[in-house]
Amino acid sequence: MITLYEAAQFRINGEFILDEAFNFTTSQLKSIVSQASTHYAQYIENALNCPYQRGVPRLEARQYICFYEKDDDEARNDTLLKFAKYDFNRIQMMLQQELSSLCSEWKEENMESRFPYARHRIVESFFSATVFYFEPCYARARNIYAKLLSTLAFIDDTYDAYGTYEELQHFTDAMQRFDISVIDELPTDYLKLLYETTLNVHNEIEDKVGKEGRSYAVSYAKNELKEVALAYLVERRWVHGCYMPTFDEYLETALKTCVAILSVCQALIGMEEADETAYQWLINTDNKLHKALNIIARLYDDIATNEAEEKRGLVCGTSCYMKQYGITRQEAVEAYREMIEVAWKDMNEGCLKPMPVSNKVALRPLNFARLVLVAYIKDDGFTRPELSMKDVIAKVLIHPIPL
């Protein structure tokens, strides 16, 4: 039953028989979970909460190793189990060393004292990098992405909760130029510091990959960041002017501020396999993966964060949807979940079609969608990591599997 349920996760839009298989197996698994042994009940609950196709690879590996170990099936291969444990723990130890080095480097930069108003999520950022790629060969890529994501969190918090609208207009103008010579045009010291930090992080990374002839990778990421800054300012303008957009108008901007394409652009910087064709493929708005990824990232985020954001006076997608269609919040959330399911099917279809990039590159957008799901499955995992992300991070990065 679980195998059929998991297979149905690979369906695309229009595959009605697999839709029926999904609905049937979901109903059956929910009905038998209370009757199953503790061992199997946990396995079923894990599958229902997050199917394998949508799960974080290292977390799924750990959960399955633990399930396999407790299985009394005579076909269990204890030698394979032992190797799987050694492999997981060895990679975890390697990731711990990388994280320790990254934290020391971040601490030396005095980031917490520089930006006391912002979220400091270097551990969560590094975990996010391991979702993109956990393989040993991508150590540099993880370091690059974690720094860029942590810096993006400072920018996001500045737009979202700290800067005034007038200040942010100047900052957005400066971001479009991405040139240290305009720093004196910024009106406050904290914005100057943020601008300088953003440029320094990008320049440091560009120096590294530029030696390999891959400066274009950072250029694409910069261009996406500029567009995100413009979209951040639009959202701040709505708040400043007490304006409630239609859902369609909201989505046009919010699909950019979900930072999905920016995040994948940043993740590809450290991958030697990502040539300029890969970036052209990623930013192509006709790309089905591009569209699906934005929808998945935006709508999961909205479901988890909108009620809290509305209390803070921010413009929220579910509220825009409620207003445009004259429905309740619960109905809006249900509509969101239906759109998310359609987007996952589009993601599957995009992965099945021939692509001008290697599988190694094509896997990164899918992994970002998986990251979004685990980050927002219970709450906002980056703002309140103790509610969802803490346990996941502990399983992947901190606690080894007992041998």
# chains A, B, ... in the order shown; residues from 1 in each chain; ligands from 1

call {"tool": "residues_around", "arguments": {"residues": "segment 39-49 of chain A", "least_positions_apart": "6", "cutoff": "8 Å", "atoms": "only C-alpha atoms", "output": "list in words"}}
result
Ile2, Glu6, Thr26, Leu29, Val33, Phe67 and Lys70 of chain A

call {"tool": "write_last_selection", "arguments": {"atoms": "N, CA, C and O atoms", "output": "mmCIF file, in the first residue's frame"}}
result
data_model
loop_
_atom_site.group_PDB
_atom_site.id
_atom_site.type_symbol
_atom_site.label_atom_id
_atom_site.label_comp_id
_atom_site.auth_asym_id
_atom_site.auth_seq_id
_atom_site.Cartn_x
_atom_site.Cartn_y
_atom_site.Cartn_z
ATOM 1 N N ILE A 2 1.905 1.249 0.835
ATOM 2 C CA ILE A 2 2.810 2.404 0.890
ATOM 3 C C ILE A 2 3.571 2.550 -0.423
ATOM 4 O O ILE A 2 3.787 3.666 -0.910
ATOM 5 N N GLU A 6 3.576 5.839 -2.652
ATOM 6 C CA GLU A 6 4.800 6.560 -3.015
ATOM 7 C C GLU A 6 4.937 6.665 -4.539
ATOM 8 O O GLU A 6 5.369 7.697 -5.066
ATOM 9 N N THR A 26 -4.059 6.926 0.224
ATOM 10 C CA THR A 26 -4.049 7.885 1.335
ATOM 11 C C THR A 26 -5.142 7.550 2.336
ATOM 12 O O THR A 26 -4.911 7.512 3.557
ATOM 13 N N LEU A 29 -4.259 4.179 4.162
ATOM 14 C CA LEU A 29 -3.158 4.314 5.123
ATOM 15 C C LEU A 29 -3.603 5.065 6.367
ATOM 16 O O LEU A 29 -3.212 4.722 7.490
ATOM 17 N N VAL A 33 -3.384 3.235 10.157
ATOM 18 C CA VAL A 33 -2.234 3.653 10.956
ATOM 19 C C VAL A 33 -2.460 3.409 12.441
ATOM 20 O O VAL A 33 -1.528 3.053 13.177
ATOM 21 N N PHE A 67 13.992 2.506 10.160
ATOM 22 C CA PHE A 67 12.861 1.604 9.918
ATOM 23 C C PHE A 67 13.369 0.223 9.511
ATOM 24 O O PHE A 67 12.899 -0.807 10.023
ATOM 25 N N LYS A 70 14.669 -2.023 12.339
ATOM 26 C CA LYS A 70 13.669 -2.608 13.244
ATOM 27 C C LYS A 70 12.794 -3.649 12.552
ATOM 28 O O LYS A 70 11.992 -4.322 13.201
#

call {"tool": "residues_around", "arguments": {"residues": "Tyr279 of chain A", "least_positions_apart": "5", "cutoff": "10 Å", "atoms": "only C-alpha atoms", "output": "list in words"}}
result
Tyr216, Ala217, Tyr220, Ala221, Ile261, Val264, Cys265, Leu268, Ile269, Ala274, Asn284, Val357 and Val361 of chain A

call {"tool": "write_last_selection", "arguments": {"atoms": "all heavy atoms", "output": "mmCIF file, in the first residue's frame"}}
result
data_model
loop_
_atom_site.group_PDB
_atom_site.id
_atom_site.type_symbol
_atom_site.label_atom_id
_atom_site.label_comp_id
_atom_site.auth_asym_id
_atom_site.auth_seq_id
_atom_site.Cartn_x
_atom_site.Cartn_y
_atom_site.Cartn_z
ATOM 1 N N TYR A 216 30.266 34.440 -14.612
ATOM 2 C CA TYR A 216 28.875 34.597 -15.059
ATOM 3 C C TYR A 216 27.885 34.051 -14.031
ATOM 4 O O TYR A 216 26.754 34.544 -13.914
ATOM 5 C CB TYR A 216 28.661 33.890 -16.398
ATOM 6 C CG TYR A 216 28.934 32.401 -16.368
ATOM 7 C CD1 TYR A 216 27.981 31.499 -15.923
ATOM 8 C CD2 TYR A 216 30.165 31.899 -16.799
ATOM 9 C CE1 TYR A 216 28.243 30.143 -15.886
ATOM 10 C CE2 TYR A 216 30.436 30.547 -16.773
ATOM 11 C CZ TYR A 216 29.470 29.666 -16.317
ATOM 12 O OH TYR A 216 29.737 28.322 -16.285
ATOM 13 N N ALA A 217 28.304 33.043 -13.266
ATOM 14 C CA ALA A 217 27.405 32.450 -12.272
ATOM 15 C C ALA A 217 26.988 33.482 -11.232
ATOM 16 O O ALA A 217 25.812 33.572 -10.855
ATOM 17 C CB ALA A 217 28.086 31.258 -11.593
ATOM 18 N N TYR A 220 24.546 36.152 -12.761
ATOM 19 C CA TYR A 220 23.139 35.734 -12.803
ATOM 20 C C TYR A 220 22.497 35.863 -11.422
ATOM 21 O O TYR A 220 21.341 36.295 -11.298
ATOM 22 C CB TYR A 220 23.017 34.298 -13.307
ATOM 23 C CG TYR A 220 23.081 34.175 -14.812
ATOM 24 C CD1 TYR A 220 24.248 33.760 -15.452
ATOM 25 C CD2 TYR A 220 21.965 34.473 -15.603
ATOM 26 C CE1 TYR A 220 24.305 33.640 -16.838
ATOM 27 C CE2 TYR A 220 22.014 34.363 -16.987
ATOM 28 C CZ TYR A 220 23.189 33.946 -17.605
ATOM 29 O OH TYR A 220 23.253 33.835 -18.982
ATOM 30 N N ALA A 221 23.234 35.465 -10.382
ATOM 31 C CA ALA A 221 22.696 35.568 -9.019
ATOM 32 C C ALA A 221 22.467 37.032 -8.630
ATOM 33 O O ALA A 221 21.455 37.367 -8.003
ATOM 34 C CB ALA A 221 23.644 34.898 -8.032
ATOM 35 N N ILE A 261 13.919 31.137 -7.479
ATOM 36 C CA ILE A 261 14.880 31.146 -8.585
ATOM 37 C C ILE A 261 16.216 31.728 -8.118
ATOM 38 O O ILE A 261 17.285 31.223 -8.486
ATOM 39 C CB ILE A 261 14.324 31.938 -9.776
ATOM 40 C CG1 ILE A 261 12.986 31.333 -10.232
ATOM 41 C CG2 ILE A 261 15.322 31.939 -10.925
ATOM 42 C CD1 ILE A 261 13.039 29.869 -10.591
ATOM 43 N N VAL A 264 18.127 28.978 -6.217
ATOM 44 C CA VAL A 264 18.739 27.956 -7.074
ATOM 45 C C VAL A 264 19.920 28.553 -7.837
ATOM 46 O O VAL A 264 20.961 27.894 -8.001
ATOM 47 C CB VAL A 264 17.705 27.338 -8.034
ATOM 48 C CG1 VAL A 264 18.363 26.267 -8.899
ATOM 49 C CG2 VAL A 264 16.545 26.736 -7.257
ATOM 50 N N CYS A 265 19.785 29.811 -8.279
ATOM 51 C CA CYS A 265 20.926 30.490 -8.920
ATOM 52 C C CYS A 265 22.130 30.506 -7.982
ATOM 53 O O CYS A 265 23.265 30.230 -8.391
ATOM 54 C CB CYS A 265 20.553 31.928 -9.288
ATOM 55 S SG CYS A 265 19.678 32.108 -10.855
ATOM 56 N N LEU A 268 23.753 27.051 -7.576
ATOM 57 C CA LEU A 268 24.509 26.571 -8.734
ATOM 58 C C LEU A 268 25.897 27.194 -8.836
ATOM 59 O O LEU A 268 26.745 26.688 -9.574
ATOM 60 C CB LEU A 268 23.736 26.856 -10.026
ATOM 61 C CG LEU A 268 22.404 26.122 -10.222
ATOM 62 C CD1 LEU A 268 21.793 26.503 -11.569
ATOM 63 C CD2 LEU A 268 22.588 24.611 -10.138
ATOM 64 N N ILE A 269 26.122 28.285 -8.101
ATOM 65 C CA ILE A 269 27.411 28.988 -8.227
ATOM 66 C C ILE A 269 28.586 28.063 -7.933
ATOM 67 O O ILE A 269 29.594 28.073 -8.648
ATOM 68 C CB ILE A 269 27.454 30.217 -7.289
ATOM 69 C CG1 ILE A 269 26.468 31.287 -7.774
ATOM 70 C CG2 ILE A 269 28.872 30.797 -7.228
ATOM 71 C CD1 ILE A 269 26.354 32.483 -6.831
ATOM 72 N N ALA A 274 27.433 23.500 -13.560
ATOM 73 C CA ALA A 274 26.447 24.507 -13.963
ATOM 74 C C ALA A 274 27.088 25.540 -14.887
ATOM 75 O O ALA A 274 27.683 26.519 -14.436
ATOM 76 C CB ALA A 274 25.858 25.184 -12.725
ATOM 77 N N ASN A 284 14.506 30.853 -17.549
ATOM 78 C CA ASN A 284 13.515 30.870 -18.624
ATOM 79 C C ASN A 284 12.114 30.705 -18.030
ATOM 80 O O ASN A 284 11.770 29.657 -17.472
ATOM 81 C CB ASN A 284 13.812 29.745 -19.614
ATOM 82 C CG ASN A 284 12.807 29.693 -20.754
ATOM 83 O OD1 ASN A 284 11.952 30.567 -20.890
ATOM 84 N ND2 ASN A 284 12.913 28.652 -21.577
ATOM 85 N N VAL A 357 20.228 20.470 -19.707
ATOM 86 C CA VAL A 357 21.182 20.449 -18.593
ATOM 87 C C VAL A 357 21.317 19.021 -18.079
ATOM 88 O O VAL A 357 20.472 18.161 -18.344
ATOM 89 C CB VAL A 357 20.730 21.382 -17.449
ATOM 90 C CG1 VAL A 357 20.681 22.816 -17.919
ATOM 91 C CG2 VAL A 357 19.376 20.958 -16.890
ATOM 92 N N VAL A 361 22.354 19.097 -12.398
ATOM 93 C CA VAL A 361 21.836 20.464 -12.332
ATOM 94 C C VAL A 361 20.325 20.451 -12.145
ATOM 95 O O VAL A 361 19.772 21.186 -11.318
ATOM 96 C CB VAL A 361 22.214 21.248 -13.607
ATOM 97 C CG1 VAL A 361 21.497 22.597 -13.646
ATOM 98 C CG2 VAL A 361 23.729 21.462 -13.661
#

call {"tool": "closest_residue", "arguments": {"among": "A:Ala21, A:Ile91, A:Cys258, A:Val201", "to": "Leu397 of chain A", "atoms": "only C-alpha atoms"}}
result
A:Ile91

call {"tool": "select_by_dssp", "arguments": {"residues": "segment 246-391 of chain A", "states": "alpha helix (DSSP H)", "output": "PyMOL selection string"}}
result
chain A and resi 247-257+260-268+276-283+288-311+317-325+329-352+359-376+389-391

call {"tool": "residues_around", "arguments": {"residues": "Gly14 of chain A", "least_positions_apart": "5", "cutoff": "12 Å", "atoms": "only C-alpha atoms", "output": "VMD selection string"}}
result
chain A and resid 19 to 20 342 345 to 346 349

call {"tool": "closest_residue", "arguments": {"among": "A:Phe22, A:Asp380, A:Leu168, A:Phe247", "to": "Ala7 of chain A", "atoms": "only C-alpha atoms"}}
result
A:Phe22

call {"tool": "closest_residue", "arguments": {"among": "A:Glu196, A:Glu135, A:Glu235, A:Asp71", "to": "Leu95 of chain A", "atoms": "only C-alpha atoms"}}
result
A:Glu135
